[in-house]
file query_36.pdb (PDB, C-alpha atoms)
ATOM      1  CA  MET S   1     104.146 203.935 138.161
ATOM      2  CA  CYS S   2     107.709 205.067 138.722
ATOM      3  CA  LEU S   3     110.135 207.295 136.867
ATOM      4  CA  LEU S   4     113.864 206.858 137.251
ATOM      5  CA  ASP S   5     116.271 209.345 135.724
ATOM      6  CA  ASP S   6     119.244 211.232 137.069
ATOM      7  CA  ASP S   7     118.156 214.381 135.211
ATOM      8  CA  PRO S   8     115.609 216.339 137.281
ATOM      9  CA  SER S   9     114.356 218.267 134.252
ATOM     10  CA  VAL S  10     113.428 215.004 132.538
ATOM     11  CA  LEU S  11     111.643 213.814 135.652
ATOM     12  CA  LYS S  12     109.773 217.092 135.890
ATOM     13  CA  GLY S  13     108.713 217.007 132.249
ATOM     14  CA  LEU S  14     107.641 213.392 132.370
ATOM     15  CA  SER S  15     105.725 213.942 135.594
ATOM     16  CA  ARG S  16     103.830 216.806 134.029
ATOM     17  CA  LEU S  17     103.095 214.746 130.951
ATOM     18  CA  LEU S  18     101.803 211.841 132.992
ATOM     19  CA  SER S  19      99.763 214.023 135.310
ATOM     20  CA  SER S  20      98.149 215.600 132.256
ATOM     21  CA  VAL S  21      96.673 212.199 131.425
ATOM     22  CA  ASP S  22      95.791 211.420 135.048
ATOM     23  CA  LEU S  23      98.688 209.085 135.661
ATOM     24  CA  GLN S  24     100.425 209.388 138.988
ATOM     25  CA  ALA S  25     104.117 208.728 139.044
ATOM     26  CA  GLU S  26     106.762 208.521 141.720
ATOM     27  CA  THR S  27     110.015 210.075 140.581
ATOM     28  CA  PHE S  28     113.453 208.868 141.576
ATOM     29  CA  ARG S  29     116.917 210.168 140.827
ATOM     30  CA  ASN S  30     118.721 207.431 142.687
ATOM     31  CA  PRO S  31     118.431 203.838 141.389
ATOM     32  CA  THR S  32     118.977 202.388 144.846
ATOM     33  CA  GLU S  33     116.094 204.369 146.288
ATOM     34  CA  PHE S  34     113.945 203.328 143.372
ATOM     35  CA  LEU S  35     114.759 199.638 143.887
ATOM     36  CA  CYS S  36     113.938 199.918 147.593
ATOM     37  CA  TYR S  37     110.636 201.527 146.726
ATOM     38  CA  ALA S  38     109.898 198.925 144.056
ATOM     39  CA  GLN S  39     110.590 196.104 146.486
ATOM     40  CA  THR S  40     107.883 197.296 148.811
ATOM     41  CA  HIS S  41     105.376 198.909 146.477
ATOM     42  CA  ARG S  42     105.659 196.738 143.332
ATOM     43  CA  PRO S  43     104.802 199.420 140.747
ATOM     44  CA  MET S  44     102.996 198.339 137.622
ATOM     45  CA  VAL S  45     105.198 200.261 135.224
ATOM     46  CA  ALA S  46     108.636 201.782 135.584
ATOM     47  CA  LEU S  47     110.267 204.210 133.197
ATOM     48  CA  VAL S  48     113.993 203.785 133.479
ATOM     49  CA  ASP S  49     116.769 205.803 131.917
ATOM     50  CA  VAL S  50     119.780 203.889 130.656
ATOM     51  CA  CYS S  51     122.604 206.308 131.369
ATOM     52  CA  MET S  52     122.850 207.057 135.056
ATOM     53  CA  PRO S  53     125.993 207.611 137.089
ATOM     54  CA  GLN S  54     125.175 205.316 139.995
ATOM     55  CA  MET S  55     123.778 202.354 138.087
ATOM     56  CA  SER S  56     122.863 201.722 134.481
ATOM     57  CA  GLY S  57     119.256 201.289 133.475
ATOM     58  CA  LEU S  58     119.917 197.756 132.280
ATOM     59  CA  GLU S  59     121.240 196.794 135.682
ATOM     60  CA  VAL S  60     118.233 198.380 137.319
ATOM     61  CA  GLN S  61     116.042 196.400 134.961
ATOM     62  CA  SER S  62     117.744 193.119 135.811
ATOM     63  CA  ARG S  63     117.498 193.803 139.552
ATOM     64  CA  LEU S  64     113.904 194.902 139.205
ATOM     65  CA  ARG S  65     113.141 191.656 137.461
ATOM     66  CA  VAL S  66     114.159 189.811 140.613
ATOM     67  CA  ILE S  67     112.666 192.241 143.092
ATOM     68  CA  SER S  68     109.373 192.889 141.351
ATOM     69  CA  PRO S  69     108.775 190.529 138.417
ATOM     70  CA  SER S  70     105.347 191.939 137.701
ATOM     71  CA  THR S  71     106.661 195.432 137.026
ATOM     72  CA  ARG S  72     106.755 196.365 133.354
ATOM     73  CA  VAL S  73     109.847 198.283 132.429
ATOM     74  CA  ILE S  74     110.052 200.946 129.739
ATOM     75  CA  VAL S  75     113.627 201.872 128.967
ATOM     76  CA  PHE S  76     114.555 205.196 127.418
ATOM     77  CA  THR S  77     117.871 206.699 126.519
ATOM     78  CA  GLY S  78     119.398 209.579 124.641
ATOM     79  CA  LYS S  79     121.825 207.384 122.763
ATOM     80  CA  ASP S  80     120.454 204.623 120.584
ATOM     81  CA  ASP S  81     122.756 201.667 120.930
ATOM     82  CA  PRO S  82     121.466 198.521 119.155
ATOM     83  CA  LEU S  83     123.192 196.297 121.678
ATOM     84  CA  VAL S  84     121.629 198.111 124.624
ATOM     85  CA  ARG S  85     118.279 198.094 122.873
ATOM     86  CA  SER S  86     118.314 194.372 122.102
ATOM     87  CA  THR S  87     119.537 193.604 125.611
ATOM     88  CA  ALA S  88     116.768 195.655 127.170
ATOM     89  CA  LEU S  89     114.058 194.139 124.998
ATOM     90  CA  ASN S  90     115.324 190.587 125.303
ATOM     91  CA  THR S  91     115.494 190.840 129.068
ATOM     92  CA  GLY S  92     111.907 191.884 129.394
ATOM     93  CA  ALA S  93     111.511 195.573 128.682
ATOM     94  CA  SER S  94     108.086 196.436 127.358
ATOM     95  CA  ALA S  95     109.417 199.226 125.180
ATOM     96  CA  PHE S  96     112.632 200.962 124.337
ATOM     97  CA  LEU S  97     112.518 204.657 123.511
ATOM     98  CA  THR S  98     115.270 206.900 122.303
ATOM     99  CA  LYS S  99     115.104 210.601 122.969
ATOM    100  CA  PRO S 100     113.682 212.735 121.547
ATOM    101  CA  PHE S 101     110.351 210.968 121.448
ATOM    102  CA  ASP S 102     106.818 212.234 121.195
ATOM    103  CA  ASP S 103     104.599 212.302 124.221
ATOM    104  CA  GLU S 104     102.063 210.202 122.337
ATOM    105  CA  GLU S 105     104.683 207.567 121.681
ATOM    106  CA  LEU S 106     105.581 207.414 125.320
ATOM    107  CA  LEU S 107     101.948 207.311 126.386
ATOM    108  CA  THR S 108     101.299 204.517 123.901
ATOM    109  CA  ALA S 109     104.160 202.527 125.372
ATOM    110  CA  ILE S 110     102.868 203.154 128.883
ATOM    111  CA  ARG S 111      99.334 202.142 127.943
ATOM    112  CA  LEU S 112     100.587 198.926 126.344
ATOM    113  CA  ALA S 113     102.680 198.192 129.414
ATOM    114  CA  LEU S 114      99.759 198.850 131.730
ATOM    115  CA  ALA S 115      97.496 196.694 129.584
ATOM    116  CA  SER S 116      99.925 193.808 129.686
ATOM    117  CA  ALA S 117     100.473 194.241 133.424
ATOM    118  CA  THR S 118      96.796 193.986 134.314
TER     119      THR S 118
ATOM    120  CA  MET U   1     102.932 236.430 121.048
ATOM    121  CA  LYS U   2     105.024 238.603 118.833
ATOM    122  CA  ILE U   3     108.539 237.486 118.114
ATOM    123  CA  ALA U   4     111.055 240.278 117.515
ATOM    124  CA  LEU U   5     113.092 239.603 114.403
ATOM    125  CA  PRO U   6     116.437 241.296 113.689
ATOM    126  CA  ASN U   7     116.033 244.320 111.472
ATOM    127  CA  CYS U   8     118.625 243.887 108.714
ATOM    128  CA  SER U   9     117.178 246.187 106.065
ATOM    129  CA  LEU U  10     118.952 249.319 107.316
ATOM    130  CA  ASP U  11     122.360 247.652 107.414
ATOM    131  CA  ALA U  12     121.811 246.148 103.975
ATOM    132  CA  SER U  13     120.891 249.516 102.469
ATOM    133  CA  LEU U  14     123.969 251.122 104.037
ATOM    134  CA  THR U  15     126.193 248.421 102.621
ATOM    135  CA  ASN U  16     124.652 248.766  99.163
ATOM    136  CA  ARG U  17     125.096 252.534  99.282
ATOM    137  CA  ARG U  18     128.733 252.136 100.257
ATOM    138  CA  VAL U  19     129.391 249.705  97.414
ATOM    139  CA  ALA U  20     127.662 251.966  94.914
ATOM    140  CA  LEU U  21     129.731 254.925  96.110
ATOM    141  CA  CYS U  22     132.938 252.949  95.640
ATOM    142  CA  ILE U  23     131.948 251.888  92.119
ATOM    143  CA  VAL U  24     131.039 255.440  91.130
ATOM    144  CA  SER U  25     134.316 256.723  92.550
ATOM    145  CA  LEU U  26     136.280 254.124  90.624
ATOM    146  CA  ILE U  27     134.485 254.983  87.368
ATOM    147  CA  CYS U  28     135.195 258.674  87.937
ATOM    148  CA  PHE U  29     138.855 257.960  88.519
ATOM    149  CA  LEU U  30     139.110 255.818  85.383
ATOM    150  CA  ALA U  31     137.294 258.406  83.283
ATOM    151  CA  GLY U  32     139.503 261.144  84.616
ATOM    152  CA  GLY U  33     142.558 259.057  83.879
ATOM    153  CA  TYR U  34     141.406 258.485  80.318
ATOM    154  CA  LEU U  35     140.797 262.184  79.776
ATOM    155  CA  VAL U  36     144.185 263.153  81.136
ATOM    156  CA  SER U  37     146.059 260.266  79.552
ATOM    157  CA  PRO U  38     149.433 262.054  79.348
ATOM    158  CA  TYR U  39     149.445 262.184  83.090
ATOM    159  CA  PHE U  40     148.031 258.671  83.466
ATOM    160  CA  GLY U  41     151.023 257.313  85.377
ATOM    161  CA  LEU U  42     150.898 260.083  87.902
ATOM    162  CA  LEU U  43     147.151 259.719  88.182
ATOM    163  CA  VAL U  44     147.458 255.954  88.867
ATOM    164  CA  MET U  45     149.902 256.670  91.663
ATOM    165  CA  VAL U  46     147.578 259.227  93.167
ATOM    166  CA  MET U  47     144.632 256.897  92.734
ATOM    167  CA  LEU U  48     146.427 253.995  94.455
ATOM    168  CA  ALA U  49     147.594 256.246  97.241
ATOM    169  CA  THR U  50     144.039 257.443  97.763
ATOM    170  CA  LEU U  51     142.163 254.205  97.196
ATOM    171  CA  GLY U  52     144.479 251.954  99.222
ATOM    172  CA  PRO U  53     143.707 253.446 102.622
ATOM    173  CA  LEU U  54     140.063 253.836 101.668
ATOM    174  CA  VAL U  55     139.726 250.172 100.708
ATOM    175  CA  GLY U  56     141.525 249.095 103.856
ATOM    176  CA  ARG U  57     139.271 251.276 105.941
ATOM    177  CA  GLY U  58     136.209 249.893 104.167
ATOM    178  CA  VAL U  59     137.275 246.311 104.873
ATOM    179  CA  ALA U  60     137.895 247.141 108.525
ATOM    180  CA  VAL U  61     134.507 248.835 108.818
ATOM    181  CA  SER U  62     132.738 245.911 107.159
ATOM    182  CA  ARG U  63     134.415 243.437 109.533
ATOM    183  CA  THR U  64     133.429 245.509 112.539
ATOM    184  CA  THR U  65     129.866 245.696 111.233
ATOM    185  CA  ASN U  66     129.721 241.918 110.819
ATOM    186  CA  LYS U  67     130.981 241.398 114.363
ATOM    187  CA  VAL U  68     128.395 243.773 115.725
ATOM    188  CA  GLU U  69     125.663 242.010 113.764
ATOM    189  CA  GLU U  70     126.800 238.626 115.057
ATOM    190  CA  THR U  71     126.870 239.859 118.624
ATOM    191  CA  GLY U  72     123.403 241.306 118.261
ATOM    192  CA  THR U  73     122.084 238.055 116.829
ATOM    193  CA  ALA U  74     123.663 236.061 119.644
ATOM    194  CA  VAL U  75     122.144 238.349 122.256
ATOM    195  CA  GLN U  76     118.755 238.100 120.581
ATOM    196  CA  SER U  77     118.980 234.317 120.404
ATOM    197  CA  ARG U  78     119.872 234.208 124.092
ATOM    198  CA  ASN U  79     116.938 236.421 124.914
ATOM    199  CA  LEU U  80     114.500 234.290 122.936
ATOM    200  CA  ARG U  81     112.249 232.037 124.936
ATOM    201  CA  GLN U  82     113.589 228.524 125.235
ATOM    202  CA  VAL U  83     110.814 226.193 124.209
ATOM    203  CA  THR U  84     112.569 222.859 124.670
ATOM    204  CA  VAL U  85     114.298 221.971 127.899
ATOM    205  CA  ALA U  86     115.329 218.371 127.554
ATOM    206  CA  TRP U  87     113.561 217.245 124.428
ATOM    207  CA  ASP U  88     110.533 218.032 122.372
ATOM    208  CA  TYR U  89     107.324 216.726 123.849
ATOM    209  CA  ARG U  90     105.163 218.074 121.053
ATOM    210  CA  PRO U  91     103.074 215.330 119.501
ATOM    211  CA  LYS U  92     103.523 214.673 115.825
ATOM    212  CA  ARG U  93     101.149 211.762 115.485
ATOM    213  CA  ALA U  94      99.733 208.909 117.434
ATOM    214  CA  VAL U  95     101.582 205.645 117.294
ATOM    215  CA  GLY U  96      99.429 202.639 117.836
ATOM    216  CA  ARG U  97     100.003 198.958 117.924
ATOM    217  CA  ASP U  98      99.020 198.505 114.283
ATOM    218  CA  THR U  99     101.193 201.410 113.192
ATOM    219  CA  ALA U 100     104.163 199.893 114.854
ATOM    220  CA  PHE U 101     103.545 196.618 113.064
ATOM    221  CA  GLU U 102     103.095 198.228 109.670
ATOM    222  CA  CYS U 103     106.224 200.358 109.798
ATOM    223  CA  VAL U 104     108.862 197.705 109.997
ATOM    224  CA  GLY U 105     112.042 198.990 108.396
ATOM    225  CA  ALA U 106     115.323 197.320 107.643
ATOM    226  CA  GLU U 107     116.671 197.834 111.122
ATOM    227  CA  THR U 108     113.408 196.618 112.551
ATOM    228  CA  ALA U 109     113.526 193.501 110.442
ATOM    229  CA  GLU U 110     117.004 192.847 111.743
ATOM    230  CA  MET U 111     115.844 193.260 115.308
ATOM    231  CA  VAL U 112     112.730 191.168 114.770
ATOM    232  CA  SER U 113     114.881 188.260 113.760
ATOM    233  CA  SER U 114     116.524 188.305 117.171
ATOM    234  CA  SER U 115     113.929 189.902 119.420
ATOM    235  CA  PRO U 116     110.174 190.327 119.447
ATOM    236  CA  ALA U 117     110.238 194.062 118.892
ATOM    237  CA  ALA U 118     108.803 196.526 116.437
ATOM    238  CA  SER U 119     109.431 200.208 116.037
ATOM    239  CA  ASN U 120     107.622 203.216 114.652
ATOM    240  CA  GLU U 121     108.593 205.217 111.571
ATOM    241  CA  ASN U 122     111.119 207.319 113.463
ATOM    242  CA  ASP U 123     112.886 204.225 114.790
ATOM    243  CA  ASN U 124     113.027 205.785 118.204
ATOM    244  CA  VAL U 125     110.351 203.700 119.873
ATOM    245  CA  TRP U 126     110.617 199.936 120.084
ATOM    246  CA  PHE U 127     107.739 197.916 121.421
ATOM    247  CA  ASN U 128     108.100 194.469 122.839
ATOM    248  CA  PHE U 129     104.668 193.024 122.168
ATOM    249  CA  ALA U 130     105.615 189.411 122.542
ATOM    250  CA  ASN U 131     106.944 189.913 126.015
ATOM    251  CA  LEU U 132     103.773 189.358 127.964
ATOM    252  CA  ASP U 133     105.665 188.019 130.924
ATOM    253  CA  PRO U 134     108.900 189.811 131.882
ATOM    254  CA  THR U 135     110.179 186.644 133.546
ATOM    255  CA  LEU U 136     110.297 184.795 130.239
ATOM    256  CA  ASP U 137     113.734 183.482 129.503
ATOM    257  CA  GLU U 138     113.031 182.622 125.873
ATOM    258  CA  PRO U 139     111.212 185.426 124.131
ATOM    259  CA  MET U 140     109.169 184.684 121.067
ATOM    260  CA  LYS U 141     111.063 184.751 117.818
ATOM    261  CA  LYS U 142     108.346 186.267 115.656
ATOM    262  CA  THR U 143     106.477 189.476 116.113
ATOM    263  CA  ARG U 144     103.480 188.658 113.977
ATOM    264  CA  PRO U 145     101.264 185.711 114.909
TER     265      PRO U 145
END

call {"tool": "encode", "arguments": {"input": "query_36.pdb", "output": "structure tokens"}}
result
Amino acid sequence: MCLLDDDPSVLKGLSRLLSSVDLQAETFRNPTEFLCYAQTHRPMVALVDVCMPQMSGLEVQSRLRVISPSTRVIVFTGKDDPLVRSTALNTGASAFLTKPFDDEELLTAIRLALASAT
Amino acid sequence: MKIALPNCSLDASLTNRRVALCIVSLICFLAGGYLVSPYFGLLVMVMLATLGPLVGRGVAVSRTTNKVEETGTAVQSRNLRQVTVAWDYRPKRAVGRDTAFECVGAETAEMVSSSPAASNENDNVWFNFANLDPTLDEPMKKTRP
């Protein structure tokens, strides 16, 4: 699975959380690099932040849908916007999380996404 | 791990002692003024001349003490260990599929009418159970079967 966030501390924390439950994750700070990686590797699940300077998470999600349709996308953000949330969910996101969220909540969303991907 | 808490008892006792001293001084002045009532006017002038600078000095000292206490608290808070970096990862409870279905609030009901999503009690996690295929153009309208 892949993690995409412009904040390195978030990536570090999420990587540690995922590695604690034996989930390996590739971390990306740049959406373009992530999309290139996704085009070749087709990850099962991608955790995507909404607010990023280069490209928004919703745009990444829409591009990912074309590049790798099988990839389940979990969108998370620090600002809960109902419009962003409904857009993300209606365009195929498996889950939408607003920070701060519990690790169990995130792991539940990841497990559901993995279950639906397999 | 022991957490060092600010020790405020000494400062509080000093403040109480200062207040008590002021009250006792005021009572003594009033009693003295009553006893020497013919010279009450003169005594009031002396009392004001004496108490005015003292009160001003007391206010200045108390303000300085408060600033020092605030600075000490700020330094202590900076020195405390930062537990959360980005957000709190501590688990509060497990959120399962059934839990998400059972805890449908008003906002959730609004969202369910337009999207196949359900959230937990905190309304910070929204699951899209109906979206089994991300390439679906028309998502299901109902969450529950």

call {"tool": "residues_around", "arguments": {"input": "query_36.pdb", "residues": "Phe28 in chain S", "least_positions_apart": "5", "cutoff": "6 Å", "atoms": "all atoms listed in the file", "output": "PDB file with C-alpha atoms, in the frame of the given file"}}
result
ATOM      1  CA  LEU S   3     110.135 207.295 136.867  1.00  0.00           C
ATOM      2  CA  LEU S   4     113.864 206.858 137.251  1.00  0.00           C
ATOM      3  CA  PHE S  34     113.945 203.328 143.372  1.00  0.00           C
TER       4      PHE S  34
END

call {"tool": "resolve_selection", "arguments": {"input": "query_36.pdb", "expression": "the PyMOL selection byres ((chain S) within 8 of (chain U))", "output": "VMD selection string"}}
result
chain S and resid 9 to 10 65 69 to 72 80 86 89 to 105 108 to 109 116

call {"tool": "atom_distance", "arguments": {"input": "query_36.pdb", "atom1": "CA of Gln39 in chain S", "atom2": "CA of Cys2 in chain S"}}
result
12.2 Å

call {"tool": "residues_around", "arguments": {"input": "query_36.pdb", "residues": "range 44-48 of chain S", "least_positions_apart": "2", "cutoff": "8 Å", "atoms": "all atoms listed in the file", "output": "JSON, numbers by chain"}}
result
{"S": [1, 2, 3, 4, 5, 42, 50, 57, 60, 61, 70, 71, 72, 73, 74, 75, 76, 110, 113, 114, 117]}

call {"tool": "atom_distance", "arguments": {"input": "query_36.pdb", "atom1": "CA of Asn30 in chain S", "atom2": "CA of Asp6 in chain S"}}
result
6.8 Å

call {"tool": "atom_distance", "arguments": {"input": "query_36.pdb", "atom1": "CA of Leu112 in chain S", "atom2": "CA of Ser20 in chain S"}}
result
17.9 Å
